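Raw coords-v3.csv, CSV, C-alpha atoms:
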chain,number,residue,atom,x,y,z
C,1,MET,CA,11.8,10.7,20.3
C,2,SER,CA,15.4,10.7,19.0
C,3,GLU,CA,16.2,9.2,15.5
C,4,LYS,CA,18.2,6.4,17.1
C,5,ARG,CA,15.5,5.5,19.6
C,6,THR,CA,12.9,5.6,16.8
C,7,ALA,CA,14.9,3.1,14.8
C,8,TRP,CA,15.3,0.8,17.8
C,9,VAL,CA,11.5,0.9,18.3
C,10,GLY,CA,10.9,0.1,14.7
C,11,TYR,CA,13.3,-2.8,14.5
C,12,GLY,CA,11.9,-4.1,17.9
C,13,SER,CA,8.4,-4.0,16.6
C,14,VAL,CA,9.2,-6.0,13.5
C,15,ALA,CA,11.3,-8.5,15.5
C,16,LEU,CA,8.4,-9.0,17.9
C,17,ALA,CA,6.1,-9.6,14.9
C,18,ALA,CA,8.5,-12.2,13.6
C,19,MET,CA,8.5,-13.9,17.0
C,20,LEU,CA,4.7,-13.9,17.2
C,21,TRP,CA,4.5,-15.5,13.7
C,22,ALA,CA,7.1,-18.1,14.7
C,23,VAL,CA,5.2,-19.0,17.9
C,24,SER,CA,2.0,-19.2,15.9
C,25,GLY,CA,3.5,-21.7,13.5
C,26,ASN,CA,4.7,-23.9,16.4
C,27,ALA,CA,1.3,-23.5,18.2
C,28,ALA,CA,-0.4,-24.8,15.0
C,29,LYS,CA,2.0,-27.7,14.9
C,30,PHE,CA,1.0,-28.6,18.5
C,31,LEU,CA,-2.7,-28.5,17.6
C,32,PHE,CA,-2.1,-30.7,14.5
C,33,ARG,CA,-0.4,-33.3,16.8
C,34,ASN,CA,-3.4,-33.2,19.0
C,35,GLY,CA,-5.9,-34.0,16.2
C,36,VAL,CA,-6.9,-30.6,14.9
C,37,THR,CA,-6.8,-30.6,11.1
C,38,PRO,CA,-5.5,-27.8,8.9
C,39,PHE,CA,-9.1,-27.4,7.5
C,40,GLN,CA,-10.4,-26.8,11.0
C,41,LEU,CA,-7.6,-24.4,12.0
C,42,VAL,CA,-7.8,-22.3,8.8
C,43,GLN,CA,-11.6,-21.8,9.3
C,44,LEU,CA,-11.0,-21.0,13.0
C,45,ARG,CA,-8.1,-18.6,12.3
C,46,THR,CA,-9.6,-16.6,9.5
C,47,THR,CA,-13.1,-16.3,11.1
C,48,ILE,CA,-11.7,-15.2,14.5
C,49,ALA,CA,-9.3,-12.7,13.0
C,50,ALA,CA,-11.8,-11.3,10.6
C,51,LEU,CA,-14.5,-10.8,13.2
C,52,LEU,CA,-12.2,-9.2,15.8
C,53,LEU,CA,-10.4,-6.9,13.3
C,54,PHE,CA,-13.6,-5.8,11.7
C,55,ALA,CA,-15.1,-5.1,15.2
C,56,TRP,CA,-12.1,-3.1,16.2
C,57,LEU,CA,-12.2,-1.0,13.1
C,58,VAL,CA,-16.0,-0.4,13.5
C,59,ILE,CA,-15.4,0.9,17.0
C,60,TRP,CA,-12.1,2.8,16.6
C,61,ARG,CA,-11.4,3.5,12.9
C,62,ARG,CA,-14.7,3.2,11.0
C,63,SER,CA,-13.4,5.5,8.3
C,64,LEU,CA,-10.9,2.8,7.2
C,65,LEU,CA,-13.8,0.5,6.2
C,66,ARG,CA,-14.9,2.8,3.4
C,67,ILE,CA,-14.1,1.4,0.0
C,68,GLU,CA,-15.2,2.2,-3.6
C,69,ARG,CA,-17.7,0.0,-5.3
C,70,ARG,CA,-15.4,-0.4,-8.3
C,71,ASP,CA,-12.9,-2.1,-6.0
C,72,PHE,CA,-15.2,-4.8,-4.8
C,73,ALA,CA,-13.7,-7.3,-7.3
C,74,TYR,CA,-10.2,-6.5,-6.2
C,75,PHE,CA,-10.9,-7.2,-2.5
C,76,ILE,CA,-12.7,-10.5,-3.4
C,77,VAL,CA,-9.6,-11.6,-5.4
C,78,LEU,CA,-7.3,-10.5,-2.6
C,79,GLY,CA,-9.3,-12.3,0.0
C,80,ALA,CA,-9.4,-15.5,-2.1
C,81,ILE,CA,-5.6,-15.4,-2.4
C,82,LEU,CA,-5.3,-14.9,1.4
C,83,ALA,CA,-7.6,-17.9,1.9
C,84,ALA,CA,-5.2,-20.0,-0.2
C,85,VAL,CA,-2.1,-18.5,1.7
C,86,GLN,CA,-3.6,-19.5,5.1
C,87,PHE,CA,-4.4,-23.1,4.1
C,88,THR,CA,-1.2,-23.9,2.2
C,89,TYR,CA,0.9,-22.5,5.0
C,90,LEU,CA,-0.9,-24.5,7.7
C,91,TYR,CA,-1.0,-27.7,5.7
C,92,ALA,CA,2.7,-27.5,5.1
C,93,ILE,CA,3.3,-27.1,8.8
C,94,SER,CA,1.1,-30.1,9.4
C,95,ARG,CA,3.3,-32.3,7.2
C,96,ILE,CA,6.9,-31.0,7.5
C,97,PRO,CA,9.0,-29.3,10.3
C,98,VAL,CA,7.8,-25.8,11.2
C,99,ALA,CA,11.1,-24.1,10.4
C,100,SER,CA,11.2,-25.8,7.0
C,101,ALA,CA,7.7,-24.7,6.1
C,102,ILE,CA,8.4,-21.1,7.1
C,103,LEU,CA,11.6,-21.0,5.2
C,104,ILE,CA,10.0,-22.4,2.0
C,105,GLN,CA,7.4,-19.6,2.3
C,106,TYR,CA,10.3,-17.1,2.6
C,107,LEU,CA,11.1,-17.8,-1.0
C,108,SER,CA,8.2,-15.5,-1.8
C,109,PRO,CA,10.5,-12.4,-2.0
C,110,VAL,CA,12.5,-14.2,-4.6
C,111,LEU,CA,9.3,-14.9,-6.5
C,112,ILE,CA,8.3,-11.3,-6.2
C,113,ALA,CA,11.6,-10.3,-7.8
C,114,LEU,CA,11.0,-12.8,-10.7
C,115,HIS,CA,7.5,-11.3,-11.2
C,116,ALA,CA,9.0,-7.8,-11.4
C,117,ARG,CA,11.5,-9.0,-14.0
C,118,ILE,CA,9.2,-11.1,-16.2
C,119,PHE,CA,5.9,-9.1,-16.0
C,120,ARG,CA,7.1,-5.6,-15.2
C,121,LYS,CA,10.3,-5.8,-17.2
C,122,LYS,CA,12.5,-4.6,-14.4
C,123,HIS,CA,16.2,-5.3,-14.7
C,124,LEU,CA,17.6,-7.9,-12.3
C,125,SER,CA,21.3,-7.3,-11.4
C,126,PRO,CA,23.9,-10.0,-11.1
C,127,VAL,CA,23.5,-9.7,-7.3
C,128,ALA,CA,19.8,-10.4,-7.5
C,129,LEU,CA,20.4,-13.4,-9.7
C,130,LEU,CA,22.9,-14.7,-7.2
C,131,ALA,CA,20.4,-14.3,-4.4
C,132,ILE,CA,17.8,-16.2,-6.4
C,133,GLY,CA,20.2,-19.0,-7.1
C,134,GLY,CA,21.3,-19.1,-3.4
C,135,ALA,CA,17.7,-19.2,-2.2
C,136,ILE,CA,16.8,-22.1,-4.5
C,137,ALA,CA,19.9,-24.1,-3.5
C,138,GLY,CA,19.1,-23.3,0.2
C,139,CYS,CA,15.5,-24.5,-0.2
C,140,TYR,CA,16.8,-27.7,-1.8
C,141,LEU,CA,19.0,-28.4,1.3
C,142,MET,CA,16.5,-27.1,3.8
C,143,VAL,CA,13.7,-29.5,2.9
C,144,GLY,CA,16.2,-32.4,2.8
C,145,ALA,CA,15.8,-33.0,-0.9
C,146,TYR,CA,19.2,-34.8,-0.8
C,147,ASN,CA,17.4,-37.5,1.3
C,148,LEU,CA,15.2,-39.4,-1.2
C,149,ALA,CA,13.3,-41.1,1.7
C,150,LEU,CA,12.5,-37.8,3.3
C,151,VAL,CA,11.3,-36.3,0.0
C,152,SER,CA,9.0,-39.3,-0.6
C,153,LEU,CA,7.6,-39.0,2.9
C,154,ASN,CA,6.9,-35.3,2.8
C,155,ARG,CA,6.3,-34.6,-0.9
C,156,ILE,CA,2.8,-33.2,-0.3
C,157,GLY,CA,4.0,-31.0,2.6
C,158,ILE,CA,6.9,-29.6,0.5
C,159,LEU,CA,4.5,-29.0,-2.5
C,160,SER,CA,2.1,-27.2,-0.1
C,161,GLY,CA,5.0,-25.1,1.2
C,162,LEU,CA,6.0,-24.1,-2.3
C,163,ALA,CA,2.4,-23.3,-3.2
C,164,SER,CA,2.3,-21.2,-0.1
C,165,ALA,CA,5.3,-19.2,-1.3
C,166,VAL,CA,3.7,-18.7,-4.7
C,167,VAL,CA,0.3,-17.5,-3.4
C,168,PHE,CA,2.0,-15.4,-0.6
C,169,ALA,CA,4.1,-13.6,-3.3
C,170,TRP,CA,0.9,-13.1,-5.3
C,171,TYR,CA,-0.8,-11.7,-2.2
C,172,ALA,CA,2.1,-9.3,-1.6
C,173,VAL,CA,2.0,-8.0,-5.2
C,174,LYS,CA,-1.8,-7.5,-5.1
C,175,SER,CA,-1.5,-5.8,-1.6
C,176,GLU,CA,1.1,-3.4,-2.9
C,177,ASP,CA,-1.2,-2.3,-5.7
C,178,GLY,CA,-4.1,-1.8,-3.2
C,179,MET,CA,-2.0,0.2,-0.7
C,180,ARG,CA,-1.6,3.0,-3.3
C,181,ILE,CA,-5.2,3.8,-2.4
C,182,TYR,CA,-6.2,2.1,0.9
C,183,SER,CA,-4.7,1.7,4.4
C,184,PRO,CA,-3.0,-1.7,5.1
C,185,TRP,CA,-5.7,-2.2,7.8
C,186,THR,CA,-8.4,-1.8,5.2
C,187,LEU,CA,-6.8,-4.4,2.9
C,188,LEU,CA,-6.2,-6.8,5.8
C,189,SER,CA,-9.7,-6.5,7.2
C,190,TYR,CA,-11.6,-7.1,3.9
C,191,ALA,CA,-9.1,-9.8,2.8
C,192,LEU,CA,-9.7,-11.7,6.1
C,193,ILE,CA,-13.5,-11.3,5.7
C,194,VAL,CA,-13.4,-12.8,2.2
C,195,ALA,CA,-11.1,-15.5,3.4
C,196,ALA,CA,-13.4,-16.4,6.3
C,197,VAL,CA,-16.4,-16.5,3.9
C,198,VAL,CA,-14.5,-18.8,1.6
C,199,TRP,CA,-13.6,-21.2,4.3
C,200,ASN,CA,-17.1,-21.1,5.8
C,201,PHE,CA,-18.4,-22.0,2.4
C,202,LEU,CA,-15.9,-24.8,1.6
C,203,GLN,CA,-16.7,-26.3,5.0
C,204,PRO,CA,-19.9,-26.4,7.1
C,205,PRO,CA,-20.4,-22.8,8.3
C,206,LEU,CA,-18.7,-22.4,11.7
C,207,GLY,CA,-18.4,-26.2,11.8
C,208,SER,CA,-14.9,-26.1,13.3
C,209,PHE,CA,-16.2,-24.0,16.3
C,210,ARG,CA,-18.3,-27.0,17.3
C,211,GLY,CA,-15.3,-29.2,17.8
C,212,GLU,CA,-14.3,-30.6,21.2
C,213,TYR,CA,-11.2,-28.6,22.1
C,214,SER,CA,-9.6,-28.5,25.5
C,215,SER,CA,-9.1,-25.2,27.3
C,216,PRO,CA,-5.3,-25.1,26.3
C,217,GLU,CA,-6.3,-25.8,22.7
C,218,TRP,CA,-8.8,-23.0,22.7
C,219,GLY,CA,-6.1,-20.8,24.1
C,220,LEU,CA,-3.7,-21.7,21.2
C,221,ILE,CA,-6.5,-21.2,18.7
C,222,LEU,CA,-7.3,-17.7,20.0
C,223,TYR,CA,-3.5,-17.0,20.1
C,224,ILE,CA,-3.2,-17.9,16.4
C,225,GLY,CA,-6.3,-15.8,15.5
C,226,VAL,CA,-5.2,-12.7,17.5
C,227,PHE,CA,-1.5,-12.8,18.2
C,228,GLY,CA,-0.5,-14.9,15.1
C,229,THR,CA,-2.6,-12.9,12.6
C,230,ILE,CA,-3.8,-9.4,13.7
C,231,LEU,CA,-1.2,-8.2,16.2
C,232,PRO,CA,2.0,-9.2,14.2
C,233,PHE,CA,0.6,-7.4,11.1
C,234,GLY,CA,0.0,-4.4,13.3
C,235,LEU,CA,3.5,-4.5,14.7
C,236,TYR,CA,5.0,-5.0,11.3
C,237,ASN,CA,3.1,-2.0,9.9
C,238,ALA,CA,4.2,0.1,12.9
C,239,GLY,CA,7.8,-0.9,12.2
C,240,ILE,CA,7.5,0.2,8.5
C,241,ARG,CA,6.3,3.6,9.7
C,242,LEU,CA,9.5,4.0,11.8
C,243,ILE,CA,12.1,2.4,9.5
C,244,GLU,CA,12.3,1.7,5.8
C,245,ALA,CA,10.1,-1.1,4.5
C,246,THR,CA,13.2,-2.8,3.1
C,247,HIS,CA,14.8,-2.9,6.6
C,248,ALA,CA,11.5,-4.1,8.1
C,249,SER,CA,11.4,-7.0,5.6
C,250,ILE,CA,15.0,-7.9,6.4
C,251,THR,CA,14.3,-7.9,10.1
C,252,ALA,CA,11.2,-10.2,9.5
C,253,THR,CA,13.5,-12.9,8.2
C,254,LEU,CA,14.1,-13.6,11.9
C,255,GLU,CA,10.9,-15.6,11.8
C,256,PRO,CA,12.4,-18.9,10.6
C,257,VAL,CA,15.3,-18.5,13.0
C,258,PHE,CA,12.8,-18.1,15.9
C,259,ALA,CA,10.7,-20.9,14.6
C,260,GLY,CA,13.6,-23.3,14.4
C,261,MET,CA,14.7,-22.4,18.0
C,262,ILE,CA,11.1,-22.8,19.3
C,263,SER,CA,10.4,-26.0,17.5
C,264,PHE,CA,13.7,-27.5,18.8
C,265,ALA,CA,12.9,-26.4,22.4
C,266,LEU,CA,9.2,-27.3,22.5
C,267,LEU,CA,8.4,-29.8,19.8
C,268,GLY,CA,11.7,-31.8,19.7
C,269,GLU,CA,12.2,-31.1,16.0
C,270,SER,CA,15.8,-30.9,14.8
C,271,LEU,CA,17.6,-29.9,11.7
C,272,GLU,CA,20.5,-31.8,10.0
C,273,SER,CA,23.7,-30.1,9.3
C,274,LEU,CA,23.0,-29.7,5.6
C,275,GLN,CA,19.5,-28.3,6.4
C,276,ILE,CA,21.1,-25.7,8.7
C,277,VAL,CA,23.4,-24.8,5.8
C,278,GLY,CA,20.3,-24.5,3.6
C,279,ALA,CA,18.6,-22.3,6.1
C,280,SER,CA,21.6,-20.0,6.2
C,281,LEU,CA,21.6,-19.9,2.4
C,282,VAL,CA,18.0,-19.0,2.2
C,283,ILE,CA,18.2,-16.2,4.8
C,284,GLY,CA,21.5,-14.9,3.4
C,285,SER,CA,20.1,-14.9,-0.1
C,286,ILE,CA,17.0,-13.0,0.9
C,287,LEU,CA,19.1,-10.5,2.9
C,288,LEU,CA,21.3,-10.0,-0.1
C,289,LEU,CA,18.3,-9.4,-2.4
C,290,GLN,CA,16.8,-6.9,0.0
C,291,VAL,CA,20.0,-5.0,0.6
C,292,GLN,CA,20.7,-4.9,-3.1
C,293,LYS,CA,17.2,-3.6,-3.6
C,294,SER,CA,17.6,-0.9,-1.0
C,295,ARG,CA,20.8,0.4,-2.8
C,296,HIS,CA,18.8,0.9,-6.0
As structure tokens, please, write out the structure in this file.
Amino acid sequence: MSEKRTAWVGYGSVALAAMLWAVSGNAAKFLFRNGVTPFQLVQLRTTIAALLLFAWLVIWRRSLLRIERRDFAYFIVLGAILAAVQFTYLYAISRIPVASAILIQYLSPVLIALHARIFRKKHLSPVALLAIGGAIAGCYLMVGAYNLALVSLNRIGILSGLASAVVFAWYAVKSEDGMRIYSPWTLLSYALIVAAVVWNFLQPPLGSFRGEYSSPEWGLILYIGVFGTILPFGLYNAGIRLIEATHASITATLEPVFAGMISFALLGESLESLQIVGASLVIGSILLLQVQKSRH
């Protein structure tokens, strides 16, 4: 395969992953509007994804399931963080527009940069500081913070979205540490298993599976478990193998763009002009941060 064709395949894989994640967010919003709660969906999603990915690895890549006993605590912490990521993300989607929830979570690269500066004493250039400021300003506009009534109505959803950004950044930092030793599939499999255990402990075990869902709702639940969790991570990892990780992360910022387009077309959600400006600021700031990172 030529270098140019390889790059196109890599970018296409990540773009498709972003599309699948965006559709998953809108599918979750549809389920919430039909009476499914975030607590139910997070138990369904983590359990289905954990069982299917673990089964796949047992059949096809059993060697990836081998971990050292000394790393058990690491995987427990990673899975607990993922459990928090899943819930805060879904709860935010249940309370505020899908595109807004996803964009707030995309503040996580900014938080990772701040973590690197504060805890790992890495220098942040003026460009990085500009990107951080732009992302914060964009988030302010995107969530409609200039509209006091909107802020009051959606305060819990916005806080959940911000919590999602924080725990997702934490998850990324912990995953980066683990991938020095283990495959991304190993990390994802055991993190999902722990997350599923957590949500089957916090709620009646498999209780959400006994809910009365229609056939279309079961279809969306399975989509979120497989095509909104397992497959996009696989496509994203495939893209990283073909193009630089930085370029893959830049391409993944297509997710909020796709989410906004889908929610507008299917859910009737719309964004005000200032929110669109905020969305552009957030995406532009993250792109600026990632491009600046790639140059250094």
Original post:
Which residue gives the smallest distance to C:Leu111 among C:Ala169, C:Arg66, C:Ile224, C:Arg45, with only C-alpha atoms counted?
Top reply: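 So, comparing all the options, the nearest one is C:Ala169.
Rounded to one decimal, atom CA of C:Ile48 and atom CA of C:Gly12 lie 26.3 Å from each other.
The gap separating atom CA of C:Leu231 from atom CA of C:Trp60 is 15.5 Å, in Å to one decimal.
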**OP:** Choose the residue, out of C:Gly278, C:Tyr190, C:Leu202, C:Ile286, that has the smallest atom-to-atom separation from C:Ala73; count all atoms listed in the file.
**Re:**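 Nearest to C:Ala73: C:Tyr190.
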Subject >> Counting all atoms listed in the file, the residue of C:Leu141, C:Leu52, C:Ile102, C:Leu235 that sits nearest C:Leu90 >> reply: C:Ile102
Fewer than 6 positions away in the same chain doesn't count, so skip those; otherwise give me all residues within 9 Å of C:Leu242, counting only C-alpha atoms, as a PDB file with C-alpha atoms, in the coordinates of the input.
ATOM      1  CA  THR C   6      12.900   5.600  16.800  1.00  0.00           C
ATOM      2  CA  ALA C   7      14.900   3.100  14.800  1.00  0.00           C
ATOM      3  CA  TRP C   8      15.300   0.800  17.800  1.00  0.00           C
ATOM      4  CA  VAL C   9      11.500   0.900  18.300  1.00  0.00           C
ATOM      5  CA  GLY C  10      10.900   0.100  14.700  1.00  0.00           C
ATOM      6  CA  TYR C  11      13.300  -2.800  14.500  1.00  0.00           C
TER       7      TYR C  11
END
**OP:** Considering only C-alpha atoms, return as a PyMOL selection string whatever protein or nucleic-acid residues lie within 12 Å of C:Ile230, sequence-local ones (same chain, fewer than 3 positions apart) excluded.
**Re:** chain C and resi 17+20-21+24+45-54+56-57+184-185+188-189+192+222-227+233-237
**OP:** Just give me the gap between atom CA of C:Leu274 and atom CA of C:Ser125 in Å, one decimal is fine.
**Re:** 28.2 Å
Original post:
Which of these, C:Ile93, C:Ala137, C:Ile59, C:Ile67, has the shortest distance to C:Thr37 once you count all atoms listed in the file?
Top reply: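 Answer, going by the shortest atom-to-atom distance: C:Ile93.
Each of C:Ala165, C:Ala15, C:Ile221, C:Leu31 was compared to C:Ser94 using all atoms listed in the file, and C:Leu31 turns out to be the nearest.
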**OP:** Dig up all the protein and nucleic acid residues within 10 Å of (-0.3, -25.8, 18.1) in the file frame, using all atoms listed in the file, and format them as a list in words.
**Re:**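 Here is the list of nearby residues: Val23, Ser24, Gly25, Asn26, Ala27, Ala28, Lys29, Phe30, Leu31, Phe32, Arg33, Asn34, Val36, Leu41, Ser94, Pro216, Glu217, Gly219, Leu220, Ile221, Tyr223, Ile224 and Leu267 of chain C.
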Subject >> Among listed residues C:Phe119, C:Tyr89, C:Phe201, C:Tyr74, nearest C:Asp177 (using all atoms listed in the file) >> reply: C:Tyr74
